[in-house]
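Colleague: Sharing a structure below in structure tokens format, with a few things to ask.
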Amino acid sequence: MTTKTLAFFVAVTFSMTSAWATDRAPDATHGKILHNKNCMGCHDNHQYTRPNRIIHTFEDLSARVKFCDAAANANFSSDDLTDVVEYLNADFYKFRK
Ligand code: HEC
């Protein structure tokens with residue numbers, strides 16, 4: 001395979017992936033910053049690893065982050081929500097998407 005062909009496949013794969021999600025890749029580092037600034041008012045990170053935690057799927061996690069965004073009055077954009085979910089999933093929940 002030539003370099004040109006390879007570059008073409010990489011480009012196609014990348015554009016397909018971003019079309020499925022939003023038009024950008026989720027950014028866990030940004031999510032962590034947002035989380036630590038807005039989400040430690042009522043609970044800290046221990047909530048996410050407690051034995052009787054209430055989140056069991058990736059969908060639960062997305063729904064809970066939306067709910068707690070309203071509770072925290074954080075007014076996250078949909079990109080912000082995606083980033084915070086990405087951070088929580090990468091560092092704590094580790095669900096398969
Ligand atoms: C106004 C208080 C409050 C704020 C602020 C808050 N939360 Fe929560 N959150 C709760 C409560 C209460 C629970 C536990 C609900 C239960 O145990 O039934 C919870 C639980 C959670 C859980 C589930 C933990 C588990 O059991 O696995 C996640 C995830 C979560 N919060 C994310 C966030 C995020 C992200 C933010 C910032 C946008 C945030 N929370 C800010 C009140 C809050």
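Just remember, in the structure tokens the first chain shown is A, the second B, etc., residues are 1-based per chain, and ligands are 1-based in the order shown.
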Write as a list in words the residues around ligand 1, taking 7 Å as the cut-off and counting only C-alpha atoms and all ligand atoms.

Modeller: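 The distance check yields His35, Asn38, Cys39, Met40, Gly41, Cys42, His43, Gln47, Tyr48, Thr49, Arg50, Asn52, Arg53, Ile54, Ile55, Leu61, Arg64, Val65, Cys68, Asp69, Ala71, Ala72, Ala74 and Val84 of chain A.
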
Colleague: Using N, CA and C atoms, can you write the selected residues to a file as a compact mmCIF listing (two decimals), in the first residue's frame?

Modeller:
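Everything below was put into selection19.txt:
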# COMPACT_ATOMS: atom_id res chain seq x y z
N HIS A 35 -15.44 19.33 35.38
CA HIS A 35 -15.96 18.56 36.50
C HIS A 35 -15.45 19.11 37.83
N ASN A 38 -17.08 22.43 38.71
CA ASN A 38 -18.54 22.56 38.86
C ASN A 38 -19.23 21.44 39.64
N CYS A 39 -18.55 20.33 39.85
CA CYS A 39 -19.28 19.13 40.27
C CYS A 39 -18.89 18.61 41.65
N MET A 40 -18.10 19.34 42.40
CA MET A 40 -17.66 18.82 43.69
C MET A 40 -18.46 19.43 44.85
N GLY A 41 -19.53 20.15 44.52
CA GLY A 41 -20.30 20.82 45.56
C GLY A 41 -21.04 19.87 46.48
N CYS A 42 -21.62 18.81 45.94
CA CYS A 42 -22.45 17.90 46.72
C CYS A 42 -21.76 16.58 47.00
N HIS A 43 -20.90 16.16 46.12
CA HIS A 43 -20.18 14.89 46.30
C HIS A 43 -18.81 15.03 45.66
N GLN A 47 -17.99 9.08 45.06
CA GLN A 47 -19.34 8.70 44.64
C GLN A 47 -19.29 7.73 43.45
N TYR A 48 -18.29 7.89 42.60
CA TYR A 48 -18.25 7.13 41.35
C TYR A 48 -17.71 5.71 41.52
N THR A 49 -17.06 5.46 42.66
CA THR A 49 -16.48 4.13 42.85
C THR A 49 -17.07 3.44 44.08
N ARG A 50 -18.12 4.04 44.68
CA ARG A 50 -18.72 3.41 45.86
C ARG A 50 -19.32 2.06 45.45
N ASN A 52 -22.11 0.58 46.13
CA ASN A 52 -23.53 0.59 45.75
C ASN A 52 -23.85 1.70 44.77
N ARG A 53 -22.92 1.98 43.86
CA ARG A 53 -23.16 3.09 42.94
C ARG A 53 -24.39 2.82 42.06
N ILE A 54 -24.99 3.91 41.61
CA ILE A 54 -26.28 3.79 40.93
C ILE A 54 -26.14 3.77 39.41
N ILE A 55 -24.92 3.88 38.90
CA ILE A 55 -24.70 3.95 37.45
C ILE A 55 -24.14 2.61 36.96
N LEU A 61 -24.85 6.80 32.70
CA LEU A 61 -23.85 7.83 33.03
C LEU A 61 -24.18 9.14 32.31
N ARG A 64 -27.18 10.70 33.94
CA ARG A 64 -26.89 11.24 35.27
C ARG A 64 -26.10 12.55 35.19
N VAL A 65 -25.16 12.62 34.25
CA VAL A 65 -24.37 13.84 34.11
C VAL A 65 -25.29 15.00 33.70
N CYS A 68 -27.28 15.93 36.86
CA CYS A 68 -26.47 16.64 37.84
C CYS A 68 -26.00 18.00 37.30
N ASP A 69 -25.88 18.13 35.97
CA ASP A 69 -25.57 19.44 35.39
C ASP A 69 -26.67 20.43 35.77
N ALA A 71 -28.69 20.07 38.39
CA ALA A 71 -28.63 20.23 39.85
C ALA A 71 -27.52 21.21 40.24
N ALA A 72 -26.42 21.15 39.51
CA ALA A 72 -25.27 21.99 39.82
C ALA A 72 -25.41 23.38 39.21
N ALA A 74 -24.70 24.15 36.25
CA ALA A 74 -23.43 24.35 35.56
C ALA A 74 -23.63 24.83 34.12
N VAL A 84 -17.35 15.72 29.92
CA VAL A 84 -17.43 15.28 31.33
C VAL A 84 -17.75 13.78 31.40

Colleague: Within 10 Å of Tyr93 in chain A, counting only C-alpha atoms, which residues show up once you throw out same-chain ones fewer than 3 positions away? Write them as a CSV table (one decimal) with C-alpha atoms, in the first residue's frame, please.

Modeller:
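Result file follows (selection_5.csv):
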chain,number,residue,atom,x,y,z
A,48,TYR,CA,-18.3,7.1,41.3
A,49,THR,CA,-16.5,4.1,42.8
A,55,ILE,CA,-24.7,3.9,37.5
A,56,HIS,CA,-24.4,0.7,35.6
A,57,THR,CA,-24.3,1.6,31.9
A,58,PHE,CA,-22.8,4.3,29.6
A,61,LEU,CA,-23.8,7.8,33.0
A,85,VAL,CA,-19.0,11.9,30.5
A,86,GLU,CA,-15.7,11.0,28.7
A,87,TYR,CA,-13.7,11.9,31.7
A,88,LEU,CA,-15.9,10.0,34.2
A,89,ASN,CA,-16.0,7.0,32.0
A,90,ALA,CA,-12.2,7.0,31.3
A,96,ARG,CA,-17.7,0.1,26.7

Colleague: Taking into account only C-alpha atoms, which residue in the set A:His46, A:Lys66, A:Asp60, A:Pro51 is nearest to Asp91 in chain A?

Modeller: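 Using only C-alpha atoms, the shortest distance to Asp91 in chain A belongs to A:His46.
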
Colleague: Nearest residue to Ala28 in chain A out of A:Asp83, A:Asn45, A:Lys97, A:Ala63, using only C-alpha atoms?

Modeller: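 Checking each candidate against Ala28 in chain A, we get A:Asp83 as the closest.
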
Colleague: CA of Phe95 in chain A to CA of Lys37 in chain A: how many Å, to one decimal?

Modeller: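 So the answer is 23.9 Å.
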
Colleague: If you run DSSP over the backbone, which residues in range 36-76 of chain A end up alpha helix (DSSP H)? Put them as number ranges by chain.

Modeller: A: 36-38, 58-72
